[in-house]
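Student: Below is target.txt; it holds compact mmCIF, C-alpha atoms and all ligand atoms.
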```
# COMPACT_ATOMS: atom_id res chain seq x y z
CA MET B 1 -24.95 -96.10 -37.08
CA HIS B 2 -26.29 -92.90 -35.70
CA VAL B 3 -24.85 -89.56 -34.58
CA GLN B 4 -26.74 -86.93 -32.67
CA THR B 5 -26.04 -83.79 -30.75
CA LEU B 6 -27.79 -83.44 -27.42
CA MET B 7 -27.86 -81.46 -24.21
CA MET B 8 -26.82 -83.66 -21.33
CA GLU B 9 -27.81 -82.07 -18.01
CA GLY B 10 -27.26 -78.64 -19.53
CA ALA B 11 -24.01 -79.53 -21.29
CA PRO B 12 -23.69 -79.84 -25.07
CA ALA B 13 -22.60 -83.32 -26.15
CA VAL B 14 -22.34 -85.58 -29.18
CA GLN B 15 -23.46 -89.19 -29.12
CA LEU B 16 -22.41 -91.92 -31.53
CA GLN B 17 -24.10 -95.28 -31.80
CA GLY B 18 -22.15 -98.11 -33.41
CA PRO B 19 -23.25 -101.02 -35.56
CA THR B 20 -23.89 -103.34 -32.61
CA GLY B 21 -25.82 -100.79 -30.53
CA ASP B 22 -22.81 -99.70 -28.46
CA THR B 23 -22.87 -95.97 -27.68
CA VAL B 24 -20.31 -93.36 -26.75
CA THR B 25 -21.18 -89.84 -25.56
CA VAL B 26 -18.69 -86.97 -25.54
CA LEU B 27 -19.06 -83.54 -23.91
CA LEU B 28 -17.86 -80.60 -25.99
CA ARG B 29 -16.33 -79.16 -22.84
CA GLY B 30 -13.04 -80.96 -22.55
CA ALA B 31 -13.92 -83.41 -25.36
CA GLN B 32 -14.61 -85.58 -22.36
CA VAL B 33 -16.01 -89.03 -23.06
CA ILE B 34 -18.71 -89.21 -20.41
CA SER B 35 -20.38 -92.52 -21.21
CA TRP B 36 -19.55 -95.72 -23.05
CA VAL B 37 -22.37 -98.23 -23.10
CA ASP B 38 -21.52 -101.58 -24.62
CA ALA B 39 -23.68 -103.63 -27.00
CA THR B 40 -25.39 -105.36 -24.07
CA GLY B 41 -26.41 -102.04 -22.52
CA VAL B 42 -23.81 -101.97 -19.74
CA GLU B 43 -22.15 -98.64 -18.83
CA ARG B 44 -18.39 -99.20 -18.71
CA LEU B 45 -17.27 -95.80 -17.36
CA TYR B 46 -17.80 -94.32 -13.92
CA ARG B 47 -19.19 -90.85 -13.42
CA SER B 48 -19.80 -89.22 -10.06
CA PRO B 49 -23.44 -88.24 -9.52
CA LEU B 50 -22.21 -85.19 -7.56
CA SER B 51 -20.24 -83.69 -10.43
CA PRO B 52 -22.24 -81.28 -12.63
CA LEU B 53 -21.62 -81.55 -16.36
CA ASP B 54 -22.22 -77.88 -17.16
CA GLY B 55 -19.18 -76.45 -15.40
CA PRO B 56 -17.27 -74.58 -14.31
CA GLN B 57 -15.46 -77.35 -12.41
CA PRO B 58 -13.84 -80.33 -14.15
CA VAL B 59 -16.21 -83.28 -14.46
CA ARG B 60 -15.29 -86.24 -12.26
CA GLY B 61 -15.81 -89.26 -14.42
CA GLY B 62 -15.61 -90.58 -17.94
CA VAL B 63 -12.33 -89.72 -19.59
CA PRO B 64 -10.93 -86.24 -18.87
CA VAL B 65 -8.17 -85.23 -21.30
CA ILE B 66 -5.13 -84.14 -19.30
CA PHE B 67 -2.98 -81.64 -21.21
CA PRO B 68 -0.48 -79.94 -21.12
CA GLN B 69 0.31 -80.48 -17.42
CA PHE B 70 -0.27 -83.53 -15.30
CA SER B 71 -1.69 -82.94 -11.81
CA GLY B 72 0.37 -80.34 -9.90
CA ARG B 73 3.59 -81.07 -11.79
CA GLY B 74 4.02 -77.51 -13.01
CA PRO B 75 2.74 -73.96 -12.48
CA MET B 76 -0.52 -74.32 -14.37
CA VAL B 77 -4.02 -75.16 -13.25
CA ARG B 78 -4.13 -78.73 -11.96
CA HIS B 79 -4.17 -81.28 -14.80
CA GLY B 80 -3.93 -78.49 -17.41
CA PHE B 81 -6.55 -76.54 -19.31
CA ALA B 82 -7.73 -79.09 -21.89
CA ARG B 83 -10.31 -80.70 -19.64
CA THR B 84 -12.22 -77.47 -19.09
CA SER B 85 -11.75 -75.92 -22.54
CA LEU B 86 -14.43 -75.92 -25.19
CA TRP B 87 -13.54 -78.24 -28.06
CA GLU B 88 -15.03 -78.12 -31.55
CA TRP B 89 -16.74 -81.14 -33.08
CA LEU B 90 -15.37 -81.83 -36.58
CA PRO B 91 -16.99 -83.82 -39.38
CA ALA B 92 -15.68 -87.39 -39.42
CA ASP B 93 -16.50 -90.85 -40.69
CA ALA B 94 -19.31 -91.98 -38.44
CA ALA B 95 -20.41 -94.73 -40.81
CA GLY B 96 -17.31 -96.88 -41.41
CA ALA B 97 -16.38 -100.15 -39.78
CA GLU B 98 -14.97 -98.15 -36.88
CA PRO B 99 -17.30 -95.16 -36.58
CA GLN B 100 -15.67 -92.18 -34.95
CA LEU B 101 -16.09 -88.70 -33.58
CA VAL B 102 -13.35 -86.07 -33.83
CA PHE B 103 -12.90 -82.98 -31.67
CA ARG B 104 -10.37 -80.15 -31.95
CA MET B 105 -8.97 -77.59 -29.55
CA GLN B 106 -6.67 -74.84 -30.80
CA HIS B 107 -4.54 -73.03 -28.27
CA ALA B 108 -2.88 -69.67 -28.91
CA ALA B 109 0.22 -68.63 -27.01
CA HIS B 110 -1.39 -65.52 -25.51
CA GLU B 111 -4.25 -67.51 -23.92
CA THR B 112 -2.13 -69.10 -21.20
CA PRO B 113 0.82 -66.97 -20.03
CA LEU B 114 2.18 -69.92 -18.06
CA TRP B 115 2.27 -72.02 -21.24
CA PRO B 116 2.75 -69.57 -24.13
CA HIS B 117 2.57 -71.97 -27.07
CA ASP B 118 0.49 -72.34 -30.21
CA CYS B 119 -0.79 -75.84 -30.79
CA ALA B 120 -3.73 -77.80 -32.10
CA CYS B 121 -5.05 -80.90 -30.34
CA THR B 122 -7.51 -83.43 -31.67
CA LEU B 123 -9.26 -86.20 -29.82
CA THR B 124 -10.63 -89.04 -31.95
CA VAL B 125 -13.10 -91.37 -30.27
CA ALA B 126 -13.84 -94.58 -32.18
CA LEU B 127 -16.18 -97.49 -31.52
CA VAL B 128 -14.16 -100.56 -32.48
CA PRO B 129 -15.31 -104.20 -32.24
CA ALA B 130 -15.96 -104.85 -28.53
CA GLY B 131 -14.02 -101.77 -27.61
CA LEU B 132 -13.45 -98.05 -27.46
CA ARG B 133 -10.37 -96.31 -28.83
CA MET B 134 -9.42 -92.76 -27.90
CA THR B 135 -6.56 -91.00 -29.66
CA LEU B 136 -5.11 -87.67 -28.58
CA ALA B 137 -2.99 -85.91 -31.20
CA VAL B 138 -0.96 -82.73 -30.70
CA HIS B 139 0.45 -80.54 -33.48
CA ASN B 140 2.94 -77.82 -32.64
CA THR B 141 1.65 -74.99 -34.81
CA GLY B 142 4.06 -72.42 -33.35
CA ASN B 143 7.64 -71.36 -34.01
CA SER B 144 9.23 -72.66 -30.83
CA PRO B 145 9.61 -76.13 -29.31
CA LEU B 146 7.01 -77.18 -26.80
CA SER B 147 6.99 -79.62 -23.93
CA PHE B 148 3.92 -81.20 -22.36
CA HIS B 149 2.40 -83.98 -20.31
CA ALA B 150 -0.65 -85.79 -21.63
CA ALA B 151 -2.99 -88.41 -20.22
CA LEU B 152 -6.38 -89.97 -20.77
CA HIS B 153 -7.71 -90.05 -17.21
CA THR B 154 -10.05 -93.01 -17.68
CA TYR B 155 -12.54 -93.68 -14.85
CA LEU B 156 -13.51 -97.35 -15.24
CA GLU B 157 -16.61 -98.73 -13.53
CA VAL B 158 -15.40 -101.66 -11.43
CA GLY B 159 -18.25 -102.29 -8.98
CA ASP B 160 -15.90 -102.86 -6.04
CA VAL B 161 -12.34 -101.62 -6.32
CA ALA B 162 -11.17 -103.67 -3.35
CA ARG B 163 -12.01 -106.83 -5.27
CA SER B 164 -10.28 -105.67 -8.44
CA THR B 165 -6.89 -106.53 -9.84
CA LEU B 166 -4.69 -105.10 -12.57
CA THR B 167 -2.06 -107.09 -14.40
CA GLY B 168 0.62 -105.57 -16.62
CA VAL B 169 1.81 -102.53 -14.66
CA LEU B 170 4.06 -104.54 -12.32
CA PRO B 171 7.06 -106.47 -13.60
CA GLN B 172 7.05 -110.18 -14.35
CA GLY B 173 3.30 -110.50 -14.57
CA GLU B 174 2.82 -109.68 -10.90
CA VAL B 175 -0.81 -108.87 -10.16
CA LEU B 176 -1.56 -105.47 -8.60
CA SER B 177 -4.20 -105.76 -5.90
CA LEU B 178 -6.41 -102.71 -5.47
CA ALA B 179 -7.51 -103.39 -1.92
CA GLU B 180 -5.61 -100.25 -0.75
CA PRO B 181 -5.80 -96.66 -2.03
CA ILE B 182 -3.34 -96.00 -4.83
CA ASP B 183 -1.94 -93.00 -6.68
CA HIS B 184 1.02 -94.19 -8.67
CA LEU B 185 2.83 -93.35 -11.88
CA PHE B 186 4.14 -96.51 -13.52
CA GLU B 187 6.83 -95.30 -15.91
CA SER B 188 7.71 -96.95 -19.22
CA VAL B 189 5.09 -99.66 -19.13
CA PRO B 190 4.20 -100.93 -22.60
CA GLY B 191 1.06 -102.85 -21.57
CA PRO B 192 -1.36 -104.33 -22.29
CA PHE B 193 -3.07 -104.30 -18.90
CA ALA B 194 -5.79 -106.67 -17.76
CA LEU B 195 -8.37 -105.27 -15.36
CA ARG B 196 -10.56 -107.81 -13.61
CA SER B 197 -13.26 -106.73 -11.19
CA PRO B 198 -16.76 -107.71 -10.07
CA ALA B 199 -18.30 -105.36 -12.66
CA THR B 200 -15.89 -105.56 -15.55
CA ALA B 201 -13.21 -107.41 -17.42
CA LEU B 202 -11.23 -105.14 -19.71
CA ASP B 203 -7.97 -105.38 -21.57
CA LEU B 204 -6.30 -101.99 -21.94
CA VAL B 205 -3.89 -101.26 -24.77
CA HIS B 206 -1.99 -98.03 -25.31
CA GLU B 207 0.28 -96.70 -28.04
CA GLY B 208 2.28 -93.50 -28.12
CA PHE B 209 1.81 -92.97 -24.38
CA THR B 210 4.76 -94.27 -22.35
CA ASP B 211 3.37 -94.50 -18.81
CA ALA B 212 0.30 -95.44 -16.82
CA VAL B 213 -1.19 -93.75 -13.78
CA VAL B 214 -3.35 -95.85 -11.49
CA TRP B 215 -5.51 -93.91 -9.05
CA ASN B 216 -8.14 -94.67 -6.50
CA PRO B 217 -8.51 -92.35 -3.48
CA GLY B 218 -9.82 -94.98 -1.07
CA PRO B 219 -12.42 -94.51 1.67
CA GLN B 220 -10.57 -91.90 3.77
CA ALA B 221 -10.15 -89.25 1.10
CA VAL B 222 -12.62 -86.38 1.26
CA ILE B 223 -13.47 -85.35 -2.29
CA ALA B 224 -16.30 -82.85 -2.50
CA ASP B 225 -17.69 -84.08 -5.81
CA LEU B 226 -17.61 -87.77 -4.93
CA PRO B 227 -20.40 -89.37 -2.87
CA ALA B 228 -19.69 -91.45 0.22
CA GLY B 229 -18.67 -94.88 -0.98
CA GLY B 230 -18.20 -93.58 -4.52
CA TYR B 231 -14.50 -94.38 -4.46
CA ALA B 232 -15.32 -98.10 -4.44
CA ARG B 233 -17.05 -97.97 -7.80
CA PHE B 234 -14.14 -96.87 -9.98
CA LEU B 235 -10.52 -97.31 -10.82
CA CYS B 236 -8.63 -94.80 -12.93
CA VAL B 237 -6.15 -96.40 -15.29
CA GLU B 238 -4.65 -93.56 -17.26
CA ALA B 239 -2.61 -93.90 -20.42
CA ALA B 240 -0.06 -91.15 -19.84
CA SER B 241 3.16 -89.47 -20.88
CA VAL B 242 4.26 -87.84 -17.65
CA GLY B 243 7.64 -89.18 -16.45
CA VAL B 244 9.42 -87.74 -19.47
CA PRO B 245 7.44 -84.83 -20.96
CA VAL B 246 6.80 -84.98 -24.70
CA GLN B 247 9.01 -82.56 -26.66
CA LEU B 248 7.67 -81.30 -29.98
CA ALA B 249 9.67 -79.26 -32.47
CA PRO B 250 7.85 -76.55 -34.47
CA GLY B 251 5.59 -78.23 -37.00
CA ALA B 252 5.93 -81.67 -35.40
CA HIS B 253 3.09 -84.01 -34.43
CA TRP B 254 2.63 -86.46 -31.54
CA GLN B 255 -0.16 -88.86 -30.79
CA GLY B 256 -1.11 -91.34 -28.13
CA SER B 257 -4.05 -93.70 -27.94
CA GLN B 258 -5.77 -95.88 -25.39
CA CYS B 259 -8.04 -98.79 -26.32
CA LEU B 260 -10.46 -100.41 -23.89
CA PHE B 261 -11.38 -103.92 -25.02
CA ILE B 262 -14.09 -105.99 -23.40
CA ALA B 263 -12.49 -109.27 -22.40
CA THR B 264 -14.47 -112.41 -22.95
O1 LIG W 301 -9.23 -84.21 -8.56
P1 LIG W 301 -8.52 -84.19 -9.87
O2 LIG W 301 -7.83 -82.88 -10.17
O3 LIG W 301 -9.42 -84.57 -11.00
O4 LIG W 301 -7.38 -85.28 -9.79
C1 LIG W 301 -7.71 -86.59 -9.46
C2 LIG W 301 -6.46 -87.45 -9.37
O5 LIG W 301 -5.90 -87.57 -10.67
C3 LIG W 301 -4.82 -88.49 -10.73
O6 LIG W 301 -4.39 -88.56 -12.06
C4 LIG W 301 -3.70 -88.02 -9.86
O7 LIG W 301 -2.63 -88.95 -9.92
C5 LIG W 301 -4.21 -87.86 -8.44
O8 LIG W 301 -3.16 -87.37 -7.61
C6 LIG W 301 -5.41 -86.94 -8.41
O9 LIG W 301 -5.92 -86.85 -7.10
```
Rewrite the structure of this file - the entire thing - as structure tokens.
Ligand SMILES: O=P(O)(O)OC[C@H]1O[C@@H](O)[C@H](O)[C@@H](O)[C@@H]1O
Tutor:
Amino acid sequence: MHVQTLMMEGAPAVQLQGPTGDTVTVLLRGAQVISWVDATGVERLYRSPLSPLDGPQPVRGGVPVIFPQFSGRGPMVRHGFARTSLWEWLPADAAGAEPQLVFRMQHAAHETPLWPHDCACTLTVALVPAGLRMTLAVHNTGNSPLSFHAALHTYLEVGDVARSTLTGVLPQGEVLSLAEPIDHLFESVPGPFALRSPATALDLVHEGFTDAVVWNPGPQAVIADLPAGGYARFLCVEAASVGVPVQLAPGAHWQGSQCLFIAT
């Protein structure tokens, strides 16, 4: 087990190596998991080579934390402020059976006039046997109720999205083909989901989150920080609470997690 801080292309990051040699790397900006390399040395997350890690734009790849607003569903900056905020790395158990890293972001009401709430968020990133678990927790530290969307916007490396399938988001075990572009919120889907693609086989399990967003822009979309053909390499399967925003009374806590398990 090994933890180190590092500069990754000019961006401060923390890297954790697990007992089997698997490694996860997290940027302090956004507490964004930017790499998850499994025990055989295979990178499981996609990251665009055209997206700088040192800001100021959101990083396209890994696992951006979406909070407190999903996409353009509200008056705030797209996908909320968490993904571009600086998070603090907290001491945590990096030596147990499930070594982990913990990051915290505190938000004060005056910082965001469009979302004037006090809250504290933590993201816990754990290397579990043949998997990665990410847990987002929100504590309402203010005196008024708050309402938010949250998602873990996971960019999975698939090799060729058109030859990928996802089971578990459609009813009755129907298999979702990813041969066409997709941007869809699947509401109230308990999972698990099975992703099968030329580059990966993953089982995705979520708790606390109610929904899943599946996104791939397809070949026609022009996205400045994505190279030509880049769309084919990834599929976003996002554990999300979007359809019905989470409501938190003063002092209350919420948490949602997403686990990525390597299927054998
Ligand atoms: O370009 P952004 O802000 O990172 O968003 C990427 C995509 O994120 C997805 O979650 C949304 O459903 C898409 O509509 C959006 O295009």
Student: Go through the chains and note each residue within 9 Å of ligand LIG 301 (chain W), using all atoms listed in the file, then give the set as a PDB file with C-alpha atoms, keeping the file's coordinate frame.
Tutor:
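Final file, result_34.pdb:
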```pdb
ATOM      1  CA  PRO B  58     -13.840 -80.330 -14.150  1.00  0.00           C
ATOM      2  CA  VAL B  59     -16.210 -83.280 -14.460  1.00  0.00           C
ATOM      3  CA  ARG B  60     -15.290 -86.240 -12.260  1.00  0.00           C
ATOM      4  CA  GLY B  61     -15.810 -89.260 -14.420  1.00  0.00           C
ATOM      5  CA  PRO B  64     -10.930 -86.240 -18.870  1.00  0.00           C
ATOM      6  CA  ILE B  66      -5.130 -84.140 -19.300  1.00  0.00           C
ATOM      7  CA  PHE B  70      -0.270 -83.530 -15.300  1.00  0.00           C
ATOM      8  CA  SER B  71      -1.690 -82.940 -11.810  1.00  0.00           C
ATOM      9  CA  GLY B  72       0.370 -80.340  -9.900  1.00  0.00           C
ATOM     10  CA  ARG B  78      -4.130 -78.730 -11.960  1.00  0.00           C
ATOM     11  CA  HIS B  79      -4.170 -81.280 -14.800  1.00  0.00           C
ATOM     12  CA  ALA B 151      -2.990 -88.410 -20.220  1.00  0.00           C
ATOM     13  CA  HIS B 153      -7.710 -90.050 -17.210  1.00  0.00           C
ATOM     14  CA  ILE B 182      -3.340 -96.000  -4.830  1.00  0.00           C
ATOM     15  CA  ASP B 183      -1.940 -93.000  -6.680  1.00  0.00           C
ATOM     16  CA  HIS B 184       1.020 -94.190  -8.670  1.00  0.00           C
ATOM     17  CA  LEU B 185       2.830 -93.350 -11.880  1.00  0.00           C
ATOM     18  CA  VAL B 213      -1.190 -93.750 -13.780  1.00  0.00           C
ATOM     19  CA  VAL B 214      -3.350 -95.850 -11.490  1.00  0.00           C
ATOM     20  CA  TRP B 215      -5.510 -93.910  -9.050  1.00  0.00           C
ATOM     21  CA  ASN B 216      -8.140 -94.670  -6.500  1.00  0.00           C
ATOM     22  CA  PRO B 217      -8.510 -92.350  -3.480  1.00  0.00           C
ATOM     23  CA  ILE B 223     -13.470 -85.350  -2.290  1.00  0.00           C
ATOM     24  CA  ASP B 225     -17.690 -84.080  -5.810  1.00  0.00           C
ATOM     25  CA  CYS B 236      -8.630 -94.800 -12.930  1.00  0.00           C
ATOM     26  CA  VAL B 237      -6.150 -96.400 -15.290  1.00  0.00           C
ATOM     27  CA  GLU B 238      -4.650 -93.560 -17.260  1.00  0.00           C
TER      28      GLU B 238
END
```
Student: For a quick check of understanding, using all atoms listed in the file, which of B:Gly131, B:Pro227, B:Pro145, B:Pro113 has the smallest distance to Leu202 (chain B)?
Tutor: B:Gly131
Student: With only C-alpha atoms as the atoms that count, which of B:Glu111, B:Glu157, B:Glu174, B:Asp22 lies nearest to Ala39 (chain B)?
Tutor: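 Residue with the minimum atom-to-atom distance to Ala39 (chain B): B:Asp22.
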Student: With distances taken over only C-alpha atoms, which residue among B:Leu45, B:Leu53, B:Ile262, B:Ala199 lies nearest Ala11 (chain B)?
Tutor: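 Comparing B:Leu45, B:Leu53, B:Ile262, B:Ala199 against Ala11 (chain B), the winner is B:Leu53.
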Student: Pick out the closest residue to Gly30 (chain B) from this set: B:Leu152, B:Asn143, B:Tyr46, B:Glu9. Count all atoms listed in the file.
Tutor: B:Leu152
Student: If you count all atoms listed in the file, which residues fall within 8 Å of Arg44 (chain B), apart from same-chain ones fewer than 4 positions away, as a PDB file with C-alpha atoms, in the coordinates of the input?
Tutor:
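Output saved as around13.pdb:
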```pdb
ATOM      1  CA  SER B  35     -20.380 -92.520 -21.210  1.00  0.00           C
ATOM      2  CA  TRP B  36     -19.550 -95.720 -23.050  1.00  0.00           C
ATOM      3  CA  VAL B  37     -22.370 -98.230 -23.100  1.00  0.00           C
ATOM      4  CA  ASP B  38     -21.520-101.580 -24.620  1.00  0.00           C
ATOM      5  CA  LEU B 156     -13.510 -97.350 -15.240  1.00  0.00           C
ATOM      6  CA  GLU B 157     -16.610 -98.730 -13.530  1.00  0.00           C
ATOM      7  CA  THR B 200     -15.890-105.560 -15.550  1.00  0.00           C
TER       8      THR B 200
END
```
Student: As AutoDock Vina command-line options, please report the centre and edge lengths, rounded to one decimal in Å, of the axis-aligned box that holds all listed atoms of region 167-179 of chain B with 8 Å of padding on each of the six sides.
Tutor:
```
--center_x -0.2 --center_y -106.5 --center_z -9.3 --size_x 30.6 --size_y 24.0 --size_z 30.7
```
Student: Of the candidates B:Leu6, B:Ala137, B:Ala82, B:Val169, which one gets nearest to His253 (chain B) if we count all atoms listed in the file?
Tutor: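 Closest to His253 (chain B) of all the choices is B:Ala137.
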Student: Can you tell me which residues surround Ser144 (chain B) at a distance of at most 12 Å, considering only C-alpha atoms, apart from same-chain residues fewer than 4 positions away, and format the answer as a PyMOL selection string?
Tutor: chain B and resi 109+115-119+140+247-252
Student: Residues at most 10 Å from region 17-20 of chain B, counting all atoms listed in the file, excluding those fewer than 6 positions away in the same chain, as a PyMOL selection string?
Tutor: chain B and resi 1-4+36-40+94-100+126-130
Student: Residues of the last selection are to be written out with C-alpha atoms, as a PDB file, keeping the file's coordinate frame.
Tutor:
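Contents of out.pdb, freshly written:
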```pdb
ATOM      1  CA  MET B   1     -24.950 -96.100 -37.080  1.00  0.00           C
ATOM      2  CA  HIS B   2     -26.290 -92.900 -35.700  1.00  0.00           C
ATOM      3  CA  VAL B   3     -24.850 -89.560 -34.580  1.00  0.00           C
ATOM      4  CA  GLN B   4     -26.740 -86.930 -32.670  1.00  0.00           C
ATOM      5  CA  TRP B  36     -19.550 -95.720 -23.050  1.00  0.00           C
ATOM      6  CA  VAL B  37     -22.370 -98.230 -23.100  1.00  0.00           C
ATOM      7  CA  ASP B  38     -21.520-101.580 -24.620  1.00  0.00           C
ATOM      8  CA  ALA B  39     -23.680-103.630 -27.000  1.00  0.00           C
ATOM      9  CA  THR B  40     -25.390-105.360 -24.070  1.00  0.00           C
ATOM     10  CA  ALA B  94     -19.310 -91.980 -38.440  1.00  0.00           C
ATOM     11  CA  ALA B  95     -20.410 -94.730 -40.810  1.00  0.00           C
ATOM     12  CA  GLY B  96     -17.310 -96.880 -41.410  1.00  0.00           C
ATOM     13  CA  ALA B  97     -16.380-100.150 -39.780  1.00  0.00           C
ATOM     14  CA  GLU B  98     -14.970 -98.150 -36.880  1.00  0.00           C
ATOM     15  CA  PRO B  99     -17.300 -95.160 -36.580  1.00  0.00           C
ATOM     16  CA  GLN B 100     -15.670 -92.180 -34.950  1.00  0.00           C
ATOM     17  CA  ALA B 126     -13.840 -94.580 -32.180  1.00  0.00           C
ATOM     18  CA  LEU B 127     -16.180 -97.490 -31.520  1.00  0.00           C
ATOM     19  CA  VAL B 128     -14.160-100.560 -32.480  1.00  0.00           C
ATOM     20  CA  PRO B 129     -15.310-104.200 -32.240  1.00  0.00           C
ATOM     21  CA  ALA B 130     -15.960-104.850 -28.530  1.00  0.00           C
TER      22      ALA B 130
END
```
Student: I'd like the interatomic distance between CA of Val158 (chain B) and CA of Glu43 (chain B), to a tenth of an Å.
Tutor: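 Distance between the two atoms: 10.5 Å.
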Student: Measuring between only C-alpha atoms, which one of B:Leu114, B:Ala120, B:Leu132, B:Ala212 shows the shortest distance to Thr23 (chain B)?
Tutor: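 Smallest separation from Thr23 (chain B) among the options: B:Leu132.
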Student: Calculate how many Å separate CA of Val14 (chain B) from CA of Val26 (chain B), rounding to one decimal.
Tutor: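 These two atoms are separated by 5.3 Å.
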Student: Mind giving me the straight-line distance from CA of Gly229 (chain B) to CA of Arg133 (chain B) in Å, one decimal?
Tutor: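 That distance, rounded to one decimal, is 29.1 Å.
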